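Novice: my_file.tsv is reproduced in full below (TSV, C-alpha atoms).
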```tsv
chain	number	residue	atom	x	y	z
A	1	SER	CA	15.94	-19.20	-18.99
A	2	ALA	CA	15.16	-16.17	-21.13
A	3	ILE	CA	14.41	-14.11	-18.03
A	4	PHE	CA	17.60	-15.22	-16.26
A	5	ALA	CA	19.72	-14.59	-19.36
A	6	GLU	CA	18.36	-11.16	-20.27
A	7	GLY	CA	16.77	-9.95	-17.05
A	8	ARG	CA	19.90	-8.43	-15.60
A	9	ALA	CA	20.17	-6.06	-18.55
A	10	ASP	CA	16.39	-5.53	-18.83
A	11	ASN	CA	16.56	-6.81	-22.43
A	12	THR	CA	13.02	-7.83	-23.24
A	13	ASP	CA	13.28	-8.89	-26.90
A	14	VAL	CA	13.27	-12.64	-26.28
A	15	LEU	CA	10.49	-12.41	-23.68
A	16	ILE	CA	8.29	-10.36	-26.03
A	17	TYR	CA	8.86	-12.95	-28.75
A	18	LEU	CA	7.89	-15.79	-26.40
A	19	LEU	CA	4.80	-13.98	-25.14
A	20	ASN	CA	3.69	-13.25	-28.69
A	21	ASN	CA	3.97	-16.99	-29.36
A	22	HIS	CA	1.85	-17.84	-26.32
A	23	VAL	CA	4.53	-19.42	-24.15
A	24	SER	CA	3.14	-21.06	-21.00
A	25	LEU	CA	3.12	-18.85	-17.90
A	26	ASN	CA	1.77	-21.47	-15.51
A	27	PRO	CA	3.67	-22.08	-12.25
A	28	ASP	CA	5.64	-25.27	-11.57
A	29	LEU	CA	4.88	-27.84	-8.86
A	30	ASP	CA	6.43	-25.55	-6.23
A	31	GLY	CA	4.13	-22.70	-7.22
A	32	HIS	CA	6.91	-20.68	-8.88
A	33	GLY	CA	6.39	-19.24	-12.35
A	34	PRO	CA	8.02	-16.73	-14.70
A	35	LEU	CA	6.94	-13.78	-12.53
A	36	HIS	CA	8.77	-15.30	-9.56
A	37	VAL	CA	11.91	-15.57	-11.72
A	38	ALA	CA	11.61	-11.93	-12.80
A	39	PHE	CA	11.40	-10.81	-9.16
A	40	SER	CA	14.37	-13.00	-8.19
A	41	VAL	CA	16.45	-11.45	-11.01
A	42	GLY	CA	15.18	-7.96	-10.17
A	43	SER	CA	14.08	-6.92	-13.67
A	44	LEU	CA	11.33	-4.29	-13.59
A	45	ALA	CA	10.86	-4.46	-17.36
A	46	HIS	CA	10.25	-8.23	-17.29
A	47	ILE	CA	7.98	-7.94	-14.25
A	48	ARG	CA	5.74	-5.42	-16.03
A	49	LEU	CA	5.56	-7.44	-19.24
A	50	LEU	CA	4.79	-10.68	-17.42
A	51	ARG	CA	2.22	-9.10	-15.14
A	52	LYS	CA	0.30	-7.67	-18.10
A	53	ALA	CA	0.42	-11.00	-19.94
A	54	MET	CA	-0.70	-12.94	-16.88
A	55	ARG	CA	-3.51	-10.48	-16.21
A	56	ASP	CA	-4.70	-10.86	-19.82
A	57	ARG	CA	-4.71	-14.65	-19.40
A	58	GLY	CA	-6.47	-14.59	-16.05
A	59	LEU	CA	-3.49	-16.05	-14.16
A	60	LEU	CA	-2.44	-13.09	-12.03
A	61	LYS	CA	-4.92	-13.20	-9.14
A	62	ALA	CA	-3.89	-16.60	-7.83
A	63	VAL	CA	-0.14	-15.93	-8.21
A	64	GLU	CA	-0.04	-12.52	-6.53
A	65	GLY	CA	-2.64	-13.20	-3.87
A	66	TYR	CA	-5.36	-10.76	-4.97
A	67	GLU	CA	-7.98	-12.82	-3.17
A	68	ARG	CA	-6.37	-12.01	0.17
A	69	ASN	CA	-7.62	-9.16	2.34
A	70	MET	CA	-5.59	-7.25	4.90
A	71	GLN	CA	-7.61	-8.97	7.63
A	72	ASP	CA	-6.46	-12.44	6.51
A	73	GLY	CA	-3.36	-12.26	8.68
A	74	PRO	CA	0.27	-12.92	7.69
A	75	CYS	CA	0.88	-12.98	3.96
A	76	ASN	CA	1.61	-15.95	1.73
A	77	ASN	CA	5.40	-16.42	1.52
A	78	ASN	CA	5.15	-17.90	-1.97
A	79	THR	CA	4.23	-14.72	-3.86
A	80	PRO	CA	6.64	-13.17	-6.39
A	81	LEU	CA	6.93	-10.01	-4.28
A	82	MET	CA	7.85	-12.02	-1.20
A	83	LEU	CA	10.53	-13.86	-3.18
A	84	GLY	CA	11.92	-10.53	-4.39
A	85	ILE	CA	12.25	-9.37	-0.78
A	86	GLU	CA	13.95	-12.61	0.26
A	87	ILE	CA	16.45	-12.66	-2.63
A	88	GLY	CA	17.44	-9.05	-1.93
A	89	ARG	CA	18.49	-7.97	-5.44
A	90	MET	CA	16.04	-5.06	-5.54
A	91	THR	CA	16.17	-1.82	-3.59
A	92	GLU	CA	13.25	-0.60	-1.48
A	93	LYS	CA	12.26	1.81	-4.24
A	94	GLN	CA	12.46	-0.90	-6.91
A	95	LEU	CA	10.33	-3.28	-4.85
A	96	ALA	CA	7.71	-0.56	-4.43
A	97	LYS	CA	7.68	0.07	-8.20
A	98	ALA	CA	7.48	-3.66	-8.93
A	99	ALA	CA	4.64	-4.38	-6.48
A	100	ASP	CA	1.12	-4.37	-7.85
A	101	HIS	CA	-1.20	-1.80	-6.26
A	102	THR	CA	-3.26	-4.18	-4.14
A	103	PRO	CA	-3.95	-4.74	-0.44
A	104	ALA	CA	-2.00	-8.02	-0.77
A	105	SER	CA	1.17	-6.08	-1.68
A	106	LEU	CA	0.67	-3.72	1.24
A	107	ARG	CA	0.25	-6.73	3.55
A	108	VAL	CA	3.59	-8.16	2.36
A	109	PHE	CA	5.37	-4.86	3.02
A	110	MET	CA	3.77	-4.44	6.44
A	111	ASP	CA	4.78	-7.95	7.49
A	112	HIS	CA	8.25	-8.17	5.97
A	113	GLU	CA	9.64	-4.88	4.63
A	114	PRO	CA	7.92	-1.80	6.10
A	115	ARG	CA	10.73	0.41	4.75
A	116	CYS	CA	9.09	-0.02	1.32
A	117	ILE	CA	5.78	1.48	2.50
A	118	PRO	CA	6.72	5.16	1.92
A	119	HIS	CA	7.75	4.39	-1.66
A	120	PHE	CA	4.69	2.17	-2.21
A	121	ALA	CA	2.32	4.87	-0.94
A	122	LYS	CA	4.00	7.39	-3.25
A	123	GLU	CA	3.54	5.04	-6.22
A	124	ILE	CA	-0.17	4.70	-5.42
A	125	VAL	CA	-0.64	8.47	-5.24
A	126	GLU	CA	1.33	9.21	-8.43
A	127	ASN	CA	0.04	6.41	-10.68
A	128	ARG	CA	-3.62	6.60	-9.63
A	129	GLU	CA	-4.33	3.01	-10.69
A	130	VAL	CA	-6.27	2.65	-7.45
A	131	THR	CA	-7.48	5.26	-5.01
A	132	GLY	CA	-6.37	5.68	-1.44
A	133	ALA	CA	-9.92	4.85	-0.40
A	134	GLN	CA	-9.73	1.45	-2.12
A	135	ILE	CA	-6.56	0.54	-0.23
A	136	ALA	CA	-7.88	2.03	3.03
A	137	ALA	CA	-10.98	-0.17	2.81
A	138	HIS	CA	-8.75	-3.13	3.64
A	139	LEU	CA	-6.89	-1.47	6.53
A	140	THR	CA	-7.90	-1.94	10.15
A	141	GLY	CA	-7.04	-0.10	13.34
A	142	PRO	CA	-4.61	-2.85	14.45
A	143	ASP	CA	-2.89	-2.72	11.04
A	144	LEU	CA	-2.21	0.98	11.40
A	145	ALA	CA	-1.15	0.60	15.03
A	146	GLU	CA	1.34	-2.08	14.02
A	147	VAL	CA	3.02	0.15	11.42
A	148	ILE	CA	2.96	3.20	13.73
A	149	ARG	CA	4.67	1.18	16.45
A	150	ASP	CA	7.27	-0.55	14.29
A	151	TYR	CA	8.02	2.08	11.63
A	152	PRO	CA	6.58	5.55	12.35
A	153	LYS	CA	7.98	7.17	9.20
A	154	ALA	CA	6.26	4.58	7.02
A	155	ALA	CA	3.03	5.05	8.97
A	156	CYS	CA	2.97	8.81	8.31
A	157	ILE	CA	3.38	8.37	4.57
A	158	LEU	CA	0.97	5.43	4.48
A	159	LEU	CA	-1.70	7.58	6.12
A	160	GLU	CA	-1.06	10.40	3.64
A	161	GLY	CA	-1.38	7.91	0.79
A	162	VAL	CA	-4.70	6.42	1.86
A	163	LEU	CA	-6.43	9.56	3.13
A	164	GLU	CA	-8.96	11.33	0.93
A	165	THR	CA	-11.37	14.17	1.62
A	166	PRO	CA	-14.64	12.62	2.82
A	167	THR	CA	-18.07	13.40	1.46
A	168	VAL	CA	-19.71	16.11	3.60
A	169	GLU	CA	-23.40	15.37	4.12
A	170	GLY	CA	-24.38	18.54	5.96
A	171	ASN	CA	-22.20	21.24	4.44
A	172	GLY	CA	-23.18	24.58	5.94
A	173	TRP	CA	-24.76	22.87	8.96
A	174	HIS	CA	-21.86	20.69	9.99
A	175	SER	CA	-18.71	21.58	8.05
A	176	LEU	CA	-15.63	19.40	7.89
A	177	PRO	CA	-13.13	20.61	10.51
A	178	SER	CA	-9.61	21.61	9.59
A	179	ARG	CA	-6.72	19.29	10.29
A	180	VAL	CA	-4.66	20.56	13.22
A	181	SER	CA	-1.03	19.85	14.09
A	182	PHE	CA	-0.06	19.86	17.76
A	183	ALA	CA	3.67	19.83	16.97
A	184	PRO	CA	5.78	22.76	18.25
A	185	LYS	CA	5.59	25.83	16.03
A	186	GLY	CA	9.02	27.36	15.83
A	187	PHE	CA	12.23	26.91	17.81
A	188	GLY	CA	10.86	28.61	20.94
A	189	GLU	CA	7.94	26.20	21.29
A	190	TYR	CA	10.31	23.30	20.61
A	191	LEU	CA	12.55	24.34	23.52
A	192	LEU	CA	9.48	24.78	25.73
A	193	SER	CA	8.27	21.30	24.83
A	194	LEU	CA	11.57	19.83	26.02
A	195	LEU	CA	10.95	21.26	29.51
A	196	ASN	CA	7.37	20.02	29.81
A	197	PRO	CA	5.96	16.50	29.86
A	198	ALA	CA	4.47	15.22	26.62
A	199	ARG	CA	0.75	15.75	26.21
A	200	GLU	CA	-1.52	12.77	26.41
A	201	VAL	CA	-3.37	12.47	23.12
A	202	LEU	CA	-6.36	10.19	22.70
A	203	VAL	CA	-6.23	8.38	19.36
A	204	PHE	CA	-9.09	6.34	17.93
A	205	TYR	CA	-10.02	4.92	14.55
A	206	GLU	CA	-13.39	5.27	12.82
A	207	PRO	CA	-14.15	3.46	9.54
A	208	ASP	CA	-16.55	6.16	8.22
A	209	ASN	CA	-15.64	7.57	4.80
A	210	ALA	CA	-18.22	10.37	4.97
A	211	TRP	CA	-18.64	13.32	7.35
A	212	LYS	CA	-22.18	12.40	8.29
A	213	TYR	CA	-24.93	14.70	9.50
A	214	ASP	CA	-28.68	14.11	9.88
A	215	VAL	CA	-30.23	17.31	8.53
A	216	ALA	CA	-33.71	16.20	9.70
A	217	ARG	CA	-32.66	15.82	13.34
A	218	PHE	CA	-29.73	18.24	13.23
A	219	GLU	CA	-27.53	15.53	14.71
A	220	ALA	CA	-24.05	14.27	13.94
A	221	PRO	CA	-22.57	10.94	15.06
A	222	ALA	CA	-21.47	10.98	18.69
A	223	TRP	CA	-17.80	10.44	17.84
A	224	HIS	CA	-17.63	13.84	16.09
A	225	ASP	CA	-17.62	15.48	19.54
A	226	GLU	CA	-14.97	13.21	21.07
```
What is this structure when it is put down as C-alpha cells?

Specialist:
Amino acid sequence: SAIFAEGRADNTDVLIYLLNNHVSLNPDLDGHGPLHVAFSVGSLAHIRLLRKAMRDRGLLKAVEGYERNMQDGPCNNNTPLMLGIEIGRMTEKQLAKAADHTPASLRVFMDHEPRCIPHFAKEIVENREVTGAQIAAHLTGPDLAEVIRDYPKAACILLEGVLETPTVEGNGWHSLPSRVSFAPKGFGEYLLSLLNPAREVLVFYEPDNAWKYDVARFEAPAWHDE
C-alpha cells in the first residue's frame, strides 16, 4: 500500500520507515512481492531501495532470476522486470535504468522488449557494476543472431557494450589486428554501392576472450586466418 500510495510521486519516506523497521519483503502465494509492486507503479526510487534491502536480506536472487543463464531459454514471466514491461507504465529508458545488471535482465529484454537493449547496454558501460565480459560470458552465437535479425540497432549497441579488448598472448609476434569497417566511405562510395550487389560477408562467432598465440611453436589458432 505504501508503494502504491507514494510510488507515483517517488516519495520514499514511508518505505524507508518500513524498511528500517524490518517490514516483510517476502512474496505472496502468487510470487509477487514489494519489488513487483514498485515495477508495476513505475517508481525508480522505490525499486532501488527495495532491491538494496532485498539483496541485504538474501531475497533478491530468487525474485529476479539471478540463477538463470542466457542458455536457459525463454525467461520467467513472473519477474518484477517482466511485470514492468507488461504493465507499460515505464519508458524504455526507465526500464533499462530499473533493470539489474544481470544476464537474466538481458534475457528478458531480448525475449520481450529488445528496444530497451541499447539503453541497458549504455547503463552497463556507464555504471560499471559489471563488466561487458561478465555479461558476454552468458551470450551465445544464436542469442546474438536473434537480436541482429529482429532488432539490428539494439544488436550494434549490445555488441559495443559487451566487447572488451582481449588479452594478447604474443604481442610483438602476433599483434591484435585493427577493427575494419566495410561500410562506404563518403558519398561517392555510397552511390557506387547502390549500383553494385552487396558483398557476401562470412560471419562466425568464437568464444575466446584472449588473442592466443603459442610462442613455443609460433602458431596461432586456425580461426585467426579465416

Novice: What separation in Å, quoted to one decimal, exists between CA of Met90 (chain A) and CA of Leu163 (chain A)?

Specialist: 28.2 Å

Novice: CA of Thr12 (chain A) and CA of Leu49 (chain A), how far apart in Å?

Specialist: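 These atoms are spaced 8.5 Å apart.
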
Novice: Considering only C-alpha atoms, state which residue in the set A:Asp225, A:Glu86, A:Glu219, A:Glu113 is at the smallest distance from Glu169 (chain A).

Specialist: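 With only C-alpha atoms as the atom set, the closest residue is A:Glu219.
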
Novice: Using only C-alpha atoms, tabulate the residues of region 96-175 of chain A lying at most 10 Å from any atom of region 57-65 of chain A, each with its closest atom pair and that distance in Å to one decimal, by chain and increasing residue number, as JSON lines.

Specialist:
```
{"residue": "A:Ala99", "atom": "CA", "partner": "A:Glu64", "partner_atom": "CA", "distance": 9.4}
{"residue": "A:Asp100", "atom": "CA", "partner": "A:Glu64", "partner_atom": "CA", "distance": 8.3}
{"residue": "A:Thr102", "atom": "CA", "partner": "A:Gly65", "partner_atom": "CA", "distance": 9.0}
{"residue": "A:Pro103", "atom": "CA", "partner": "A:Gly65", "partner_atom": "CA", "distance": 9.2}
{"residue": "A:Ala104", "atom": "CA", "partner": "A:Gly65", "partner_atom": "CA", "distance": 6.1}
{"residue": "A:Ser105", "atom": "CA", "partner": "A:Glu64", "partner_atom": "CA", "distance": 8.2}
```

Novice: Out of A:Ala38, A:Leu19, A:Leu158, A:Val215, which residue has the shortest atom-to-atom distance to His174 (chain A) when counting all atoms listed in the file?

Specialist: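 Nearest candidate to His174 (chain A) out of A:Ala38, A:Leu19, A:Leu158, A:Val215: A:Val215.
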
Novice: Of the candidates A:Asn21, A:Val37, A:Asp143, A:Cys116, which one gets nearest to Ala53 (chain A) if we count all atoms listed in the file?

Specialist: A:Asn21

Novice: Provide the CA of Lys212 (chain A) to CA of Trp173 (chain A) distance in Å, to one decimal place.

Specialist: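 Answer for the CA of Lys212 (chain A) to CA of Trp173 (chain A) separation: 10.8 Å.
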
Novice: Go through A:Ser40, A:Arg48, A:Glu129, A:Asp56 one by one, measure the shortest atom-to-atom distance of each to Arg89 (chain A) using all atoms listed in the file, and give the residue with the smallest value.

Specialist: A:Ser40

Novice: Show me, as an mmCIF file with C-alpha atoms, keeping the file's coordinate frame, the residues that have an atom within 12 Å of region 151-153 of chain A when counting all atoms listed in the file, minus same-chain residues fewer than 2 positions from it.

Specialist:
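Saved file selection.cif follows:
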```
data_model
loop_
_atom_site.group_PDB
_atom_site.id
_atom_site.type_symbol
_atom_site.label_atom_id
_atom_site.label_comp_id
_atom_site.auth_asym_id
_atom_site.auth_seq_id
_atom_site.Cartn_x
_atom_site.Cartn_y
_atom_site.Cartn_z
ATOM 1 C CA PHE A 109 5.370 -4.860 3.020
ATOM 2 C CA MET A 110 3.770 -4.440 6.440
ATOM 3 C CA ASP A 111 4.780 -7.950 7.490
ATOM 4 C CA HIS A 112 8.250 -8.170 5.970
ATOM 5 C CA GLU A 113 9.640 -4.880 4.630
ATOM 6 C CA PRO A 114 7.920 -1.800 6.100
ATOM 7 C CA ARG A 115 10.730 0.410 4.750
ATOM 8 C CA CYS A 116 9.090 -0.020 1.320
ATOM 9 C CA ILE A 117 5.780 1.480 2.500
ATOM 10 C CA PRO A 118 6.720 5.160 1.920
ATOM 11 C CA HIS A 119 7.750 4.390 -1.660
ATOM 12 C CA ALA A 121 2.320 4.870 -0.940
ATOM 13 C CA ASP A 143 -2.890 -2.720 11.040
ATOM 14 C CA LEU A 144 -2.210 0.980 11.400
ATOM 15 C CA ALA A 145 -1.150 0.600 15.030
ATOM 16 C CA GLU A 146 1.340 -2.080 14.020
ATOM 17 C CA VAL A 147 3.020 0.150 11.420
ATOM 18 C CA ILE A 148 2.960 3.200 13.730
ATOM 19 C CA ARG A 149 4.670 1.180 16.450
ATOM 20 C CA ALA A 155 3.030 5.050 8.970
ATOM 21 C CA CYS A 156 2.970 8.810 8.310
ATOM 22 C CA ILE A 157 3.380 8.370 4.570
ATOM 23 C CA LEU A 158 0.970 5.430 4.480
ATOM 24 C CA LEU A 159 -1.700 7.580 6.120
ATOM 25 C CA GLU A 160 -1.060 10.400 3.640
#
```

Novice: At a cut-off of 12 Å, using all atoms listed in the file, what residues contact Ala220 (chain A)? Leave out same-chain residues fewer than 6 positions from it and give the result as a list of chain:residue names.

Specialist: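 Selected residues are A:Val168, A:Glu169, A:Gly170, A:Asn171, A:Trp173, A:His174, A:Ser175, A:Leu176, A:Ala210, A:Trp211, A:Lys212, A:Tyr213, A:Asp214, A:Glu226.
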
Novice: A:Ala183, A:Met54, A:Leu15, A:Ala222: which is nearest Gly33 (chain A), counting all atoms listed in the file?

Specialist: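 Using all atoms listed in the file, the shortest distance to Gly33 (chain A) belongs to A:Met54.
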
Novice: Which residue gives the smallest distance to Gly88 (chain A) among A:Leu25, A:Asn127, A:Arg217, A:Gly42, with all atoms listed in the file counted?

Specialist: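 Looking only at the distances to Gly88 (chain A), the closest residue turns out to be A:Gly42.
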
Novice: Reconstruct all heavy atoms of region 107-118 of chain A from the incomplete input and present them as an mmCIF file, in the coordinates of the input.

Specialist:
```
data_model
loop_
_atom_site.group_PDB
_atom_site.id
_atom_site.type_symbol
_atom_site.label_atom_id
_atom_site.label_comp_id
_atom_site.auth_asym_id
_atom_site.auth_seq_id
_atom_site.Cartn_x
_atom_site.Cartn_y
_atom_site.Cartn_z
ATOM 1 N N ARG A 107 0.121 -5.751 2.464
ATOM 2 C CA ARG A 107 0.250 -6.730 3.550
ATOM 3 C C ARG A 107 1.663 -7.308 3.592
ATOM 4 O O ARG A 107 2.244 -7.473 4.665
ATOM 5 C CB ARG A 107 -0.767 -7.839 3.347
ATOM 6 C CG ARG A 107 -0.740 -8.968 4.354
ATOM 7 C CD ARG A 107 -1.485 -8.607 5.610
ATOM 8 N NE ARG A 107 -0.683 -8.005 6.642
ATOM 9 C CZ ARG A 107 -1.174 -7.462 7.751
ATOM 10 N NH1 ARG A 107 -2.478 -7.418 7.955
ATOM 11 N NH2 ARG A 107 -0.382 -6.937 8.649
ATOM 12 N N VAL A 108 2.229 -7.621 2.420
ATOM 13 C CA VAL A 108 3.590 -8.160 2.360
ATOM 14 C C VAL A 108 4.579 -7.143 2.930
ATOM 15 O O VAL A 108 5.446 -7.491 3.738
ATOM 16 C CB VAL A 108 3.971 -8.508 0.901
ATOM 17 C CG1 VAL A 108 5.459 -8.843 0.800
ATOM 18 C CG2 VAL A 108 3.158 -9.692 0.407
ATOM 19 N N PHE A 109 4.450 -5.886 2.523
ATOM 20 C CA PHE A 109 5.370 -4.860 3.020
ATOM 21 C C PHE A 109 5.209 -4.644 4.524
ATOM 22 O O PHE A 109 6.196 -4.465 5.244
ATOM 23 C CB PHE A 109 5.155 -3.548 2.272
ATOM 24 C CG PHE A 109 5.651 -3.559 0.855
ATOM 25 C CD1 PHE A 109 4.951 -2.920 -0.154
ATOM 26 C CD2 PHE A 109 6.823 -4.218 0.522
ATOM 27 C CE1 PHE A 109 5.403 -2.933 -1.459
ATOM 28 C CE2 PHE A 109 7.297 -4.241 -0.780
ATOM 29 C CZ PHE A 109 6.581 -3.591 -1.774
ATOM 30 N N MET A 110 3.991 -4.645 5.009
ATOM 31 C CA MET A 110 3.770 -4.440 6.440
ATOM 32 C C MET A 110 4.384 -5.574 7.262
ATOM 33 O O MET A 110 4.945 -5.346 8.329
ATOM 34 C CB MET A 110 2.275 -4.326 6.725
ATOM 35 C CG MET A 110 1.657 -3.034 6.248
ATOM 36 S SD MET A 110 -0.139 -2.961 6.515
ATOM 37 C CE MET A 110 -0.236 -3.068 8.285
ATOM 38 N N ASP A 111 4.294 -6.793 6.747
ATOM 39 C CA ASP A 111 4.780 -7.950 7.490
ATOM 40 C C ASP A 111 6.291 -8.147 7.377
ATOM 41 O O ASP A 111 6.931 -8.626 8.312
ATOM 42 C CB ASP A 111 4.091 -9.234 7.003
ATOM 43 C CG ASP A 111 2.626 -9.299 7.411
ATOM 44 O OD1 ASP A 111 2.226 -8.519 8.297
ATOM 45 O OD2 ASP A 111 1.887 -10.118 6.835
ATOM 46 N N HIS A 112 6.867 -7.775 6.221
ATOM 47 C CA HIS A 112 8.250 -8.170 5.970
ATOM 48 C C HIS A 112 9.199 -7.057 5.578
ATOM 49 O O HIS A 112 10.413 -7.206 5.748
ATOM 50 C CB HIS A 112 8.276 -9.239 4.864
ATOM 51 C CG HIS A 112 7.543 -10.498 5.222
ATOM 52 N ND1 HIS A 112 8.081 -11.458 6.044
ATOM 53 C CD2 HIS A 112 6.308 -10.932 4.878
ATOM 54 C CE1 HIS A 112 7.207 -12.453 6.188
ATOM 55 N NE2 HIS A 112 6.122 -12.151 5.505
ATOM 56 N N GLU A 113 8.731 -5.956 5.044
ATOM 57 C CA GLU A 113 9.640 -4.880 4.630
ATOM 58 C C GLU A 113 8.946 -3.530 4.708
ATOM 59 O O GLU A 113 8.638 -2.897 3.716
ATOM 60 C CB GLU A 113 10.123 -5.143 3.191
ATOM 61 C CG GLU A 113 11.318 -4.309 2.753
ATOM 62 C CD GLU A 113 12.492 -4.413 3.699
ATOM 63 O OE1 GLU A 113 13.324 -5.325 3.528
ATOM 64 O OE2 GLU A 113 12.559 -3.577 4.628
ATOM 65 N N PRO A 114 8.655 -3.059 5.947
ATOM 66 C CA PRO A 114 7.920 -1.800 6.100
ATOM 67 C C PRO A 114 8.668 -0.587 5.546
ATOM 68 O O PRO A 114 8.051 0.446 5.288
ATOM 69 C CB PRO A 114 7.719 -1.687 7.617
ATOM 70 C CG PRO A 114 8.738 -2.585 8.212
ATOM 71 C CD PRO A 114 8.937 -3.697 7.243
ATOM 72 N N ARG A 115 9.980 -0.719 5.328
ATOM 73 C CA ARG A 115 10.730 0.410 4.750
ATOM 74 C C ARG A 115 10.280 0.711 3.321
ATOM 75 O O ARG A 115 10.549 1.800 2.805
ATOM 76 C CB ARG A 115 12.221 0.111 4.781
ATOM 77 C CG ARG A 115 12.828 0.095 6.185
ATOM 78 C CD ARG A 115 14.267 -0.345 6.158
ATOM 79 N NE ARG A 115 14.393 -1.715 5.673
ATOM 80 C CZ ARG A 115 15.562 -2.351 5.540
ATOM 81 N NH1 ARG A 115 16.694 -1.731 5.868
ATOM 82 N NH2 ARG A 115 15.596 -3.595 5.086
ATOM 83 N N CYS A 116 9.601 -0.238 2.687
ATOM 84 C CA CYS A 116 9.090 -0.020 1.320
ATOM 85 C C CYS A 116 7.784 0.772 1.320
ATOM 86 O O CYS A 116 7.369 1.264 0.263
ATOM 87 C CB CYS A 116 8.860 -1.357 0.625
ATOM 88 S SG CYS A 116 10.367 -2.273 0.236
ATOM 89 N N ILE A 117 7.112 0.869 2.466
ATOM 90 C CA ILE A 117 5.780 1.480 2.500
ATOM 91 C C ILE A 117 5.776 2.931 2.025
ATOM 92 O O ILE A 117 4.891 3.321 1.253
ATOM 93 C CB ILE A 117 5.165 1.350 3.912
ATOM 94 C CG1 ILE A 117 4.873 -0.128 4.206
ATOM 95 C CG2 ILE A 117 3.881 2.172 4.030
ATOM 96 C CD1 ILE A 117 4.343 -0.390 5.595
ATOM 97 N N PRO A 118 6.745 3.782 2.442
ATOM 98 C CA PRO A 118 6.720 5.160 1.920
ATOM 99 C C PRO A 118 6.781 5.224 0.400
ATOM 100 O O PRO A 118 6.052 5.989 -0.231
ATOM 101 C CB PRO A 118 7.959 5.794 2.561
ATOM 102 C CG PRO A 118 8.196 5.005 3.799
ATOM 103 C CD PRO A 118 7.798 3.611 3.457
#
```
